[in-house]
$ cat entry.txt   # compact mmCIF, C-alpha atoms
# COMPACT_ATOMS: atom_id res chain seq x y z
CA MET P 27 23.13 119.57 34.14
CA ALA P 28 25.76 119.81 36.86
CA VAL P 29 27.58 123.13 37.10
CA SER P 30 31.08 123.53 38.52
CA TYR P 31 32.97 126.57 39.79
CA THR P 32 36.68 127.01 40.47
CA GLY P 33 38.98 129.51 42.11
CA ILE P 34 42.75 130.07 42.19
CA HIS P 35 44.36 131.93 45.09
CA VAL P 36 48.09 132.58 45.49
CA LEU P 37 49.35 132.94 49.07
CA SER P 38 51.38 136.07 48.48
CA GLY P 39 51.33 139.81 48.96
CA GLU P 40 52.97 140.33 45.58
CA ARG P 41 50.99 140.91 42.43
CA VAL P 42 50.76 137.95 40.03
CA THR P 43 51.77 138.91 36.47
CA VAL P 44 52.82 135.58 34.97
CA SER P 45 49.38 134.08 34.30
CA PRO P 46 47.06 134.42 31.31
CA GLY P 47 44.38 135.26 33.87
CA ARG P 48 44.16 138.54 35.80
CA PHE P 49 44.78 138.50 39.54
CA ALA P 50 43.86 140.99 42.25
CA SER P 51 44.10 141.10 46.03
CA PHE P 52 40.79 141.30 47.84
CA SER P 53 41.96 139.69 51.09
CA PRO P 54 45.21 140.33 53.01
CA GLY P 55 48.04 138.04 51.90
CA TRP P 56 46.19 136.51 48.94
CA GLN P 57 46.14 137.14 45.20
CA SER P 58 42.93 135.81 43.60
CA LEU P 59 42.11 135.05 39.99
CA ILE P 60 39.51 137.43 38.61
CA PRO P 61 36.93 135.31 36.78
CA ALA P 62 36.37 135.80 33.06
CA GLY P 63 33.19 137.39 31.76
CA LYS P 64 29.97 135.43 31.64
CA ASP P 65 30.76 134.18 28.14
CA GLY P 66 34.47 133.70 28.70
CA GLU P 67 36.20 130.38 29.25
CA LEU P 68 39.55 131.57 30.54
CA LEU P 69 40.62 129.03 33.14
CA SER P 70 36.96 128.23 33.78
CA ARG P 71 37.27 124.49 33.18
CA PRO P 72 38.31 122.59 36.33
CA GLY P 73 41.12 120.71 34.60
CA ASP P 74 42.61 123.87 33.09
CA SER P 75 42.41 125.88 36.31
CA ALA P 76 43.97 123.07 38.36
CA LYS P 77 46.88 122.86 35.90
CA GLU P 78 47.35 126.62 36.08
CA ALA P 79 47.33 126.55 39.88
CA ARG P 80 50.00 123.84 39.85
CA ARG P 81 52.06 125.75 37.27
CA LEU P 82 51.94 128.99 39.25
CA SER P 83 53.04 127.28 42.45
CA LYS P 84 56.21 126.10 40.70
CA LEU P 85 56.84 129.30 38.76
CA LEU P 86 56.33 131.62 41.74
CA SER P 87 57.61 129.26 44.46
CA LYS P 88 54.44 130.13 46.37
CA THR P 89 51.62 128.10 47.89
CA VAL P 90 48.58 128.16 45.61
CA LEU P 91 45.09 127.21 46.74
CA TRP P 92 42.80 125.69 44.11
CA PHE P 93 39.11 125.58 45.06
CA PHE P 94 36.39 123.56 43.34
CA LEU P 95 32.62 123.51 43.91
CA TYR P 96 30.67 120.89 41.97
CA ASP P 97 26.91 121.18 41.45
CA GLU P 98 26.64 123.26 44.65
CA GLU P 99 27.03 120.02 46.61
CA VAL P 100 30.66 118.88 46.58
CA VAL P 101 33.53 121.00 47.92
CA GLU P 102 37.12 120.18 47.01
CA PHE P 103 40.41 122.04 47.35
CA THR P 104 44.09 121.45 46.70
CA LEU P 105 47.16 123.24 48.01
CA PHE P 106 50.00 123.21 45.48
CA SER P 107 53.61 123.92 46.37
CA GLU P 108 56.60 123.88 44.01
CA GLY P 109 54.46 122.28 41.33
CA LYS P 110 53.35 119.40 43.55
CA THR P 111 50.26 118.58 45.57
CA ALA P 112 51.01 119.48 49.17
CA ALA P 113 47.54 118.69 50.51
CA ALA P 114 44.15 117.95 49.00
CA ARG P 115 40.55 117.33 49.82
CA ASP P 116 38.38 115.69 47.19
CA ALA P 117 35.23 113.60 47.00
CA SER P 118 37.04 110.26 47.17
CA SER P 119 40.04 110.81 49.44
CA ASP P 120 42.15 113.26 51.44
CA LYS P 121 45.87 113.91 51.26
CA ASN P 122 47.88 115.52 54.06
CA ILE P 123 44.84 117.36 55.43
CA SER P 124 46.50 117.47 58.85
CA LYS P 125 49.33 119.52 57.27
CA VAL P 126 47.06 122.25 55.85
CA PRO P 127 47.34 124.62 58.86
CA GLY P 128 51.14 124.50 58.75
CA ILE P 129 51.23 125.04 54.99
CA ILE P 130 49.29 128.31 55.27
CA GLY P 131 51.07 129.48 58.42
CA LEU P 132 48.63 128.41 61.15
CA GLU P 133 49.37 126.52 64.35
CA GLU P 134 48.77 122.80 64.79
CA GLY P 135 45.74 123.52 66.98
CA TYR P 136 43.81 124.47 63.86
CA ARG P 137 43.78 120.87 62.62
CA LYS P 138 40.78 119.90 64.76
CA ARG P 139 38.91 122.95 63.55
CA LEU P 140 39.57 122.04 59.91
CA TYR P 141 38.33 118.47 60.44
CA ASP P 142 35.17 119.86 62.05
CA ILE P 143 34.61 122.13 59.04
CA LEU P 144 35.11 119.28 56.58
CA SER P 145 32.39 117.30 58.37
CA VAL P 146 29.77 119.95 57.49
CA THR P 147 27.42 118.56 54.84
CA ASP P 148 25.97 121.84 53.58
CA ALA P 149 28.34 122.90 50.78
CA GLU P 150 27.54 126.61 51.02
CA TYR P 151 28.02 126.65 54.78
CA GLN P 152 31.24 124.63 54.52
CA THR P 153 32.54 127.10 51.94
CA GLU P 154 31.84 130.04 54.27
CA LEU P 155 33.64 128.30 57.12
CA LEU P 156 36.62 127.52 54.86
CA GLU P 157 36.78 131.16 53.75
CA GLU P 158 37.06 132.19 57.38
CA PHE P 159 39.71 129.48 57.96
CA PHE P 160 41.88 130.42 54.95
CA GLY P 161 41.11 134.13 55.11
CA VAL P 162 40.14 134.49 51.44
CA LYS P 163 36.97 134.60 49.33
CA LEU P 164 37.16 131.16 47.73
CA LEU P 165 34.58 131.52 45.00
CA LEU P 166 34.58 134.63 42.82
CA LEU P 167 31.94 134.87 40.11
CA PRO P 168 31.84 137.33 37.16
CA GLU P 169 28.78 139.11 38.52
CA MET P 170 30.59 139.74 41.82
CA MET P 171 33.11 141.97 40.06
CA GLU P 172 30.56 144.76 40.04
CA ASP P 173 30.31 144.68 43.85
CA PRO P 174 32.42 146.93 46.10
CA PRO P 175 35.83 145.28 46.70
CA GLU P 176 35.31 145.25 50.47
CA THR P 177 32.40 142.82 50.07
CA LEU P 178 34.84 140.32 48.56
CA ALA P 179 37.36 140.64 51.38
CA ARG P 180 37.81 137.92 53.97
CA LYS P 181 40.10 137.63 56.97
CA ARG P 182 41.15 134.78 59.18
CA ASP P 183 38.74 134.68 62.07
CA ASP P 184 36.69 132.27 64.16
CA ALA P 185 33.37 134.09 64.70
CA LEU P 186 31.40 131.94 62.25
CA PHE P 187 33.10 128.77 63.47
CA ARG P 188 32.25 129.55 67.09
CA GLN P 189 28.64 130.07 66.06
CA TYR P 190 28.71 126.70 64.25
CA ARG P 191 30.12 124.95 67.32
CA ALA P 192 27.53 126.55 69.59
CA GLU P 193 24.70 125.35 67.34
CA ASN P 194 26.10 121.82 67.16
CA ASP P 195 27.37 121.41 70.71
CA VAL P 196 24.40 119.29 71.75
CA PRO P 197 24.19 115.70 73.04
CA SER P 198 24.21 113.20 70.20
CA GLY P 199 24.83 109.52 69.60
CA LYS P 200 24.92 107.41 72.76
CA LYS P 201 25.00 110.57 74.88
CA SER P 202 21.75 111.88 73.45
CA PRO P 203 18.67 111.64 75.68
CA VAL P 204 16.63 110.77 72.59
CA GLN P 205 17.27 107.54 70.70
CA ALA P 206 15.84 105.79 67.64
CA ARG P 207 14.89 102.09 67.58
CA LEU P 208 14.84 100.27 64.22
CA LEU P 209 11.41 98.73 63.66
CA PHE P 210 11.69 97.32 60.16
CA GLU P 211 14.00 97.24 57.15
CA MET P 212 13.20 96.20 53.60
CA ASP P 213 14.60 96.56 50.12
CA GLY P 214 12.37 98.65 47.93
CA VAL P 215 11.68 101.85 46.07
CA LEU P 216 9.61 104.81 47.23
CA SER P 217 8.21 107.22 44.69
CA ASN P 218 5.65 109.95 44.21
CA SER P 219 3.37 108.91 41.40
CA ASP P 220 1.82 112.37 41.14
CA TRP P 221 5.08 113.81 39.82
CA GLY P 222 6.62 110.57 38.60
CA HIS P 223 10.11 110.73 40.07
CA LYS P 224 11.84 108.70 42.73
CA TYR P 225 12.11 110.11 46.18
CA PHE P 226 15.37 111.93 46.75
CA THR P 227 16.92 110.81 43.48
CA GLU P 228 16.71 114.41 42.34
CA THR P 229 17.84 117.45 44.25
CA GLY P 230 15.43 119.70 46.05
CA ILE P 231 14.00 119.96 49.52
CA LEU P 232 10.92 117.77 49.38
CA GLY P 233 10.64 117.68 53.16
CA VAL P 234 8.20 120.58 53.34
CA PHE P 235 5.38 118.46 51.91
CA ARG P 236 3.23 116.02 53.81
CA LYS P 237 4.29 112.67 52.42
CA HIS P 238 2.62 109.79 54.15
CA TYR P 239 -0.67 110.40 52.37
CA TRP P 240 0.76 109.91 48.89
CA LEU P 241 3.66 107.49 49.00
CA TYR P 242 3.91 104.71 46.48
CA ALA P 243 6.25 101.74 46.84
CA LYS P 244 7.41 98.58 45.19
CA GLU P 245 9.63 95.89 46.57
CA GLN P 246 13.26 95.82 45.46
CA HIS P 247 13.82 95.96 41.70
CA THR P 248 11.50 93.24 40.46
CA GLY P 249 9.64 95.45 38.01
CA SER P 250 6.39 94.94 39.91
CA GLU P 251 3.87 97.76 39.85
CA GLU P 252 4.06 100.41 42.48
CA VAL P 253 1.26 100.31 45.02
CA PRO P 254 0.07 103.06 47.39
CA VAL P 255 1.26 102.89 50.97
CA CYS P 256 0.60 104.86 54.12
CA PHE P 257 3.24 105.33 56.82
CA ARG P 258 1.21 104.99 60.01
CA ASP P 259 2.08 103.93 63.56
CA GLY P 260 5.56 102.92 62.48
CA ARG P 261 4.41 100.66 59.66
CA LEU P 262 4.08 100.82 55.90
CA VAL P 263 0.45 99.97 55.25
CA PHE P 264 -0.25 98.86 51.70
CA LEU P 265 -3.52 100.30 50.39
CA SER P 266 -5.81 100.19 47.42
CA ASP P 267 -6.23 103.38 45.40
CA GLU P 268 -9.61 103.89 47.05
CA GLU P 269 -8.12 103.46 50.52
CA MET P 270 -5.31 105.82 49.61
CA LEU P 271 -7.78 108.58 48.83
CA ALA P 272 -9.75 107.80 51.97
CA GLU P 273 -6.53 108.20 53.96
CA GLY P 274 -6.33 111.79 52.75
CA ALA P 275 -4.34 111.96 49.53
CA ASP P 276 -6.76 114.61 48.29
CA ARG P 277 -5.40 116.92 51.00
CA LEU P 278 -2.35 117.39 48.82
CA HIS P 279 -4.49 119.27 46.31
CA ASN P 280 -6.77 121.05 48.78
CA ASP P 281 -4.24 122.39 51.29
CA ASP P 282 -2.37 125.38 49.85
CA ARG P 283 0.40 125.02 52.42
CA MET P 284 0.79 121.27 51.83
CA GLN P 285 2.58 120.99 55.15
CA LYS P 286 3.72 117.80 56.76
CA ASP P 287 2.03 119.14 59.89
CA PRO P 288 -0.51 121.98 59.60
CA ARG P 289 0.49 123.25 63.05
CA PHE P 290 3.63 124.96 61.71
CA GLU P 291 4.98 126.53 58.55
CA GLN P 292 8.49 126.21 57.15
CA LEU P 293 9.75 129.51 55.76
CA PHE P 294 12.87 129.75 53.59
CA PHE P 295 13.62 133.42 53.03
CA PRO P 296 14.72 133.89 55.73
CA ASP P 297 15.01 130.34 57.10
CA ARG P 298 12.43 130.22 59.90
CA VAL P 299 9.68 128.05 61.38
CA ARG P 300 6.40 129.75 62.29
CA PHE P 301 4.02 127.99 64.67
CA PHE P 302 0.24 128.37 64.53
CA GLU P 303 -2.19 128.56 67.42
CA ASP P 304 -3.04 124.85 67.31
CA ALA P 305 0.61 123.83 67.89
CA PRO P 306 1.33 122.15 71.27
CA PRO P 307 2.36 124.53 74.07
CA PRO P 308 4.67 126.40 74.43
CA TYR P 309 5.07 126.79 70.64
CA PRO P 310 1.85 128.62 69.51
CA GLY P 311 2.44 132.04 68.01
CA ARG P 312 6.24 131.77 68.04
CA THR P 313 8.68 132.02 65.15
CA ILE P 314 12.11 130.43 65.53
CA LYS P 315 15.28 130.38 63.46
CA ASN P 316 16.39 126.99 62.21
CA ALA P 317 19.85 125.70 62.98
CA ARG P 318 21.89 125.88 59.77
CA GLY P 319 20.92 123.05 57.43
CA PHE P 320 17.89 121.92 59.47
CA TYR P 321 14.21 122.09 58.53
CA GLY P 322 10.96 121.65 60.41
CA LEU P 323 9.75 118.04 60.63
CA GLY P 324 6.81 117.81 63.05
CA PHE P 325 5.84 117.07 66.65
CA ASP P 326 6.43 113.83 68.51
CA ALA P 327 3.82 112.16 70.72
CA LYS P 328 4.88 114.35 73.66
CA GLY P 329 4.36 117.55 71.69
CA ARG P 330 8.07 118.28 71.25
CA PHE P 331 9.16 119.86 67.98
CA LEU P 332 11.43 117.86 65.68
CA ALA P 333 13.74 119.19 62.99
CA TYR P 334 15.84 117.27 60.46
CA ASP P 335 18.69 117.76 58.04
CA GLU P 336 19.67 116.03 54.82
CA ASN P 337 22.34 113.96 56.54
CA SER P 338 20.10 111.45 58.35
CA CYS P 339 19.88 113.53 61.52
CA PHE P 340 16.86 114.60 63.55
CA ALA P 341 16.81 116.91 66.55
CA LEU P 342 14.62 118.09 69.42
CA VAL P 343 14.14 121.88 69.34
CA ASP P 344 12.70 124.07 72.09
CA GLU P 345 10.34 127.02 71.68
CA GLY P 346 13.27 129.42 71.37
CA GLY P 347 14.91 127.50 68.53
CA LYS P 348 17.62 125.93 70.70
CA MET P 349 18.59 122.40 69.73
CA LEU P 350 18.31 120.19 72.83
CA ALA P 351 19.45 116.85 71.43
CA LYS P 352 20.08 115.20 68.10
CA GLN P 353 20.41 111.68 66.77
CA HIS P 354 21.33 109.96 63.52
CA VAL P 355 19.47 107.23 61.68
CA LYS P 356 20.29 105.31 58.51
CA GLY P 357 19.00 106.81 55.29
CA GLN P 358 17.40 110.16 54.56
CA ILE P 359 14.37 111.07 56.61
CA ILE P 360 11.38 111.36 54.29
CA ASP P 361 8.41 111.13 56.65
CA GLN P 362 7.46 111.44 60.31
CA ASP P 363 4.33 110.42 62.15
CA GLY P 364 4.38 111.12 65.88
CA ASP P 365 7.20 109.07 67.38
CA TYR P 366 7.91 107.26 64.10
CA LEU P 367 10.32 108.07 61.28
CA LEU P 368 10.48 106.67 57.75
CA THR P 369 13.84 106.72 55.95
CA TRP P 370 15.08 105.63 52.58
CA ALA P 371 18.66 105.01 51.43
CA ARG P 372 19.25 104.84 47.68
CA LYS P 373 21.37 102.06 46.26
CA THR P 374 22.53 101.32 42.75
CA ASP P 375 24.21 98.35 41.15
CA LEU P 376 26.84 98.85 38.47
CA GLU P 377 27.94 95.99 36.25
CA LEU P 378 30.75 95.85 33.70
CA ILE P 379 29.07 95.48 30.28
CA ASP P 380 31.20 95.61 27.12
CA GLY P 381 33.97 97.25 29.12
CA VAL P 382 31.68 99.98 30.45
CA ARG P 383 30.22 100.16 33.94
CA ARG P 384 26.46 100.51 33.49
CA LEU P 385 23.59 100.98 35.88
CA THR P 386 21.63 97.74 35.87
CA ARG P 387 19.43 98.00 38.95
CA PHE P 388 18.01 100.78 41.03
CA TYR P 389 16.57 100.24 44.48
CA GLY P 390 17.00 101.25 48.08
CA VAL P 391 16.49 100.31 51.69
CA ILE P 392 13.34 101.49 53.43
CA ARG P 393 13.51 101.68 57.21
CA GLY P 394 11.09 102.56 59.97
CA TYR P 395 12.24 103.89 63.34
CA GLN P 396 10.63 104.67 66.67
CA ILE P 397 11.85 107.65 68.72
CA TYR P 398 12.13 107.10 72.47
CA ASP P 399 13.72 108.75 75.52
CA LYS P 400 16.70 107.00 77.02
$ encode --input "entry.txt" --output "structure tokens"
Amino acid sequence: MAVSYTGIHVLSGERVTVSPGRFASFSPGWQSLIPAGKDGELLSRPGDSAKEARRLSKLLSKTVLWFFLYDEEVVEFTLFSEGKTAAARDASSDKNISKVPGIIGLEEGYRKRLYDILSVTDAEYQTELLEEFFGVKLLLLPEMMEDPPETLARKRDDALFRQYRAENDVPSGKKSPVQARLLFEMDGVLSNSDWGHKYFTETGILGVFRKHYWLYAKEQHTGSEEVPVCFRDGRLVFLSDEEMLAEGADRLHNDDRMQKDPRFEQLFFPDRVRFFEDAPPPYPGRTIKNARGFYGLGFDAKGRFLAYDENSCFALVDEGGKMLAKQHVKGQIIDQDGDYLLTWARKTDLELIDGVRRLTRFYGVIRGYQIYDK
């Protein structure tokens, strides 16, 4: 079940006393709604909190920032002024985003920075960057009220943003020294029959597991039975069950680490990659920090380490953790074998049935790519 969180923040140094909710100032120049207790519903529903934010902007003649986080994946916010929407960012469209800096008292030069922040795909990271941009803790939860007030304080700064730019200021697209050539494209579905759910149709980082020994596929949405496949040398090789096991599917159950590549280990707390002694030089024995939102993928044919994110991007990473180049492909990266990548992009068809839009077909596009140096 999807969970949503909201926040209301009044751009003012004056205490707010005209709301059914309680407000307090944790950050300079802002008054923030204190969330209700764990069992309370006061202004906890998105529709109610948005209406209250709009109402306060008219009643107080102040700018009010309404923040919304949906299912820890989608970030939205609205700036209300005099009871009207002055600017908004939501999942389907933007309104007056270029005016946001001026509305909160920043110079026009901050527009480019805001657009850069809104391009970040990691919702948690984007929220942290927005907190630094606005200078306020955007999401306050009931359990946070027991923390020291200074831990909830934010100020307008650029330290985190500069770090983000440094990590992402690498050649990409046509300027990248590494490119990806499309080898094949087909409609179909990829699934994991061991656990019985479609690849990447449910949340969770499945990229830490070795996949190309236990993929199953079926073409398009014909209802045909899924058959085992192996992603090898840039091709999907269709196999019998016996061949699938011979290819190494039993490794899934015998290898405790279940890594895509046994020469490294992806750690999550903290987010690191640790290389073992059989990794290509100069990686053996090293531990590196991942760039935010990236995870270890494997080694290409030249022994260079590859990382990937959940936004169709792969990158070359040196032995110190520095990203040397990155490139985008179509679809989410779900497997890698040397210089070859396998991606899958989910598609759905909705048809109007009895006045209701219903899901009638589920399928995707499977693509294979080859990595090469320009």
$ closest_residue --input "entry.txt" --among "P:Ala76, P:Thr43, P:Leu208, P:Leu86" --to "Ala114 in chain P" --atoms "all atoms listed in the file"
P:Ala76
$ closest_residue --input "entry.txt" --among "P:Met349, P:Ala179, P:Val101, P:Val146" --to "Glu336 in chain P" --atoms "all atoms listed in the file"
P:Val146
$ closest_residue --input "entry.txt" --among "P:Ala327, P:Leu368, P:Ile60, P:Ile397" --to "Leu164 in chain P" --atoms "only C-alpha atoms"
P:Ile60
$ atom_distance --input "entry.txt" --atom1 "CA of Ala112 in chain P" --atom2 "CA of Thr89 in chain P"
8.7 Å
$ closest_residue --input "entry.txt" --among "P:Ile123, P:Leu37, P:Met170, P:Leu132" --to "Ser107 in chain P" --atoms "all atoms listed in the file"
P:Leu37
$ closest_residue --input "entry.txt" --among "P:Arg115, P:Asp184, P:Val162, P:Glu134" --to "Val36 in chain P" --atoms "only C-alpha atoms"
P:Val162
$ closest_residue --input "entry.txt" --among "P:Asp326, P:Asp365, P:Asp213, P:Asp297" --to "Arg393 in chain P" --atoms "only C-alpha atoms"
P:Asp213
$ residues_near_point --input "entry.txt" --point "(54.2, 126.9, 38.9)" --cutoff "8 Å" --atoms "all atoms listed in the file" --output "PyMOL selection string"
chain P and resi 78-87+108-109
$ atom_distance --input "entry.txt" --atom1 "CA of Phe290 in chain P" --atom2 "CA of Asn194 in chain P"
23.3 Å
$ residues_around --input "entry.txt" --residues "Glu157 in chain P" --least-positions-apart "3" --cutoff "10 Å" --atoms "all atoms listed in the file" --output "list in words"
Tyr151, Gln152, Thr153, Glu154, Phe160, Gly161, Val162, Lys163, Leu164, Leu165, Ala179, Arg180, Lys181, Arg182 and Asp183 of chain P
$ residues_near_point --input "entry.txt" --point "(6.1, 119.3, 68.1)" --cutoff "10 Å" --atoms "only C-alpha atoms" --output "ChimeraX atom specification"
/P:287,289-290,301,305-309,322-333,342-345,364
$ residues_around --input "entry.txt" --residues "Ile314 in chain P" --least-positions-apart "5" --cutoff "7 Å" --atoms "only C-alpha atoms" --output "number ranges by chain"
P: 298-300, 346-347
$ write_last_selection --input "entry.txt" --atoms "C-alpha atoms" --output "short mmCIF file (atom, residue, chain, number, x, y, z; two decimals), keeping the file's coordinate frame"
data_model
loop_
_atom_site.label_atom_id
_atom_site.label_comp_id
_atom_site.auth_asym_id
_atom_site.auth_seq_id
_atom_site.Cartn_x
_atom_site.Cartn_y
_atom_site.Cartn_z
CA ARG P 298 12.43 130.22 59.90
CA VAL P 299 9.68 128.05 61.38
CA ARG P 300 6.40 129.75 62.29
CA GLY P 346 13.27 129.42 71.37
CA GLY P 347 14.91 127.50 68.53
#
$ atom_distance --input "entry.txt" --atom1 "CA of Arg139 in chain P" --atom2 "CA of Lys77 in chain P"
28.8 Å
$ residues_around --input "entry.txt" --residues "range 124-131 of chain P" --least-positions-apart "4" --cutoff "7 Å" --atoms "all atoms listed in the file" --output "short mmCIF file (atom, residue, chain, number, x, y, z; two decimals) with C-alpha atoms, in the frame of the given file"
data_model
loop_
_atom_site.label_atom_id
_atom_site.label_comp_id
_atom_site.auth_asym_id
_atom_site.auth_seq_id
_atom_site.Cartn_x
_atom_site.Cartn_y
_atom_site.Cartn_z
CA ALA P 113 47.54 118.69 50.51
CA TYR P 136 43.81 124.47 63.86
CA ARG P 137 43.78 120.87 62.62
#
$ residues_around --input "entry.txt" --residues "Thr111 in chain P" --least-positions-apart "6" --cutoff "9 Å" --atoms "all atoms listed in the file" --output "JSON, numbers by chain"
{"P": [80, 104, 105, 121]}
$ write_last_selection --input "entry.txt" --atoms "C-alpha atoms" --output "PDB file, in the frame of the given file"
ATOM      1  CA  ARG P  80      50.000 123.840  39.850  1.00  0.00           C
ATOM      2  CA  THR P 104      44.090 121.450  46.700  1.00  0.00           C
ATOM      3  CA  LEU P 105      47.160 123.240  48.010  1.00  0.00           C
ATOM      4  CA  LYS P 121      45.870 113.910  51.260  1.00  0.00           C
TER       5      LYS P 121
END
$ build_atoms --input "entry.txt" --residues "range 327-339 of chain P" --atoms "N, CA and C atoms" --output "JSON list (two decimals), keeping the file's coordinate frame"
[["chain", "number", "residue", "atom", "x", "y", "z"],
["P", 327, "ALA", "N", 5.02, 112.46, 69.94],
["P", 327, "ALA", "CA", 3.82, 112.16, 70.72],
["P", 327, "ALA", "C", 3.74, 113.00, 72.00],
["P", 328, "LYS", "N", 4.86, 113.52, 72.45],
["P", 328, "LYS", "CA", 4.88, 114.35, 73.66],
["P", 328, "LYS", "C", 4.72, 115.84, 73.34],
["P", 329, "GLY", "N", 4.54, 116.16, 72.07],
["P", 329, "GLY", "CA", 4.36, 117.55, 71.69],
["P", 329, "GLY", "C", 5.66, 118.31, 71.53],
["P", 330, "ARG", "N", 6.78, 117.62, 71.44],
["P", 330, "ARG", "CA", 8.07, 118.28, 71.25],
["P", 330, "ARG", "C", 8.34, 118.44, 69.76],
["P", 331, "PHE", "N", 8.93, 119.58, 69.39],
["P", 331, "PHE", "CA", 9.16, 119.86, 67.98],
["P", 331, "PHE", "C", 10.42, 119.16, 67.49],
["P", 332, "LEU", "N", 10.31, 118.57, 66.31],
["P", 332, "LEU", "CA", 11.43, 117.86, 65.68],
["P", 332, "LEU", "C", 11.86, 118.59, 64.42],
["P", 333, "ALA", "N", 13.16, 118.66, 64.22],
["P", 333, "ALA", "CA", 13.74, 119.19, 62.99],
["P", 333, "ALA", "C", 14.63, 118.11, 62.38],
["P", 334, "TYR", "N", 14.99, 118.26, 61.11],
["P", 334, "TYR", "CA", 15.84, 117.27, 60.46],
["P", 334, "TYR", "C", 16.74, 117.95, 59.45],
["P", 335, "ASP", "N", 17.84, 117.27, 59.11],
["P", 335, "ASP", "CA", 18.69, 117.76, 58.04],
["P", 335, "ASP", "C", 18.76, 116.72, 56.95],
["P", 336, "GLU", "N", 19.58, 116.96, 55.95],
["P", 336, "GLU", "CA", 19.67, 116.03, 54.82],
["P", 336, "GLU", "C", 20.80, 115.03, 55.00],
["P", 337, "ASN", "N", 21.25, 114.89, 56.25],
["P", 337, "ASN", "CA", 22.34, 113.96, 56.54],
["P", 337, "ASN", "C", 21.90, 112.94, 57.59],
["P", 338, "SER", "N", 20.62, 112.52, 57.49],
["P", 338, "SER", "CA", 20.10, 111.45, 58.35],
["P", 338, "SER", "C", 20.06, 111.81, 59.82],
["P", 339, "CYS", "N", 19.87, 113.07, 60.13],
["P", 339, "CYS", "CA", 19.88, 113.53, 61.52],
["P", 339, "CYS", "C", 18.56, 114.20, 61.86]]
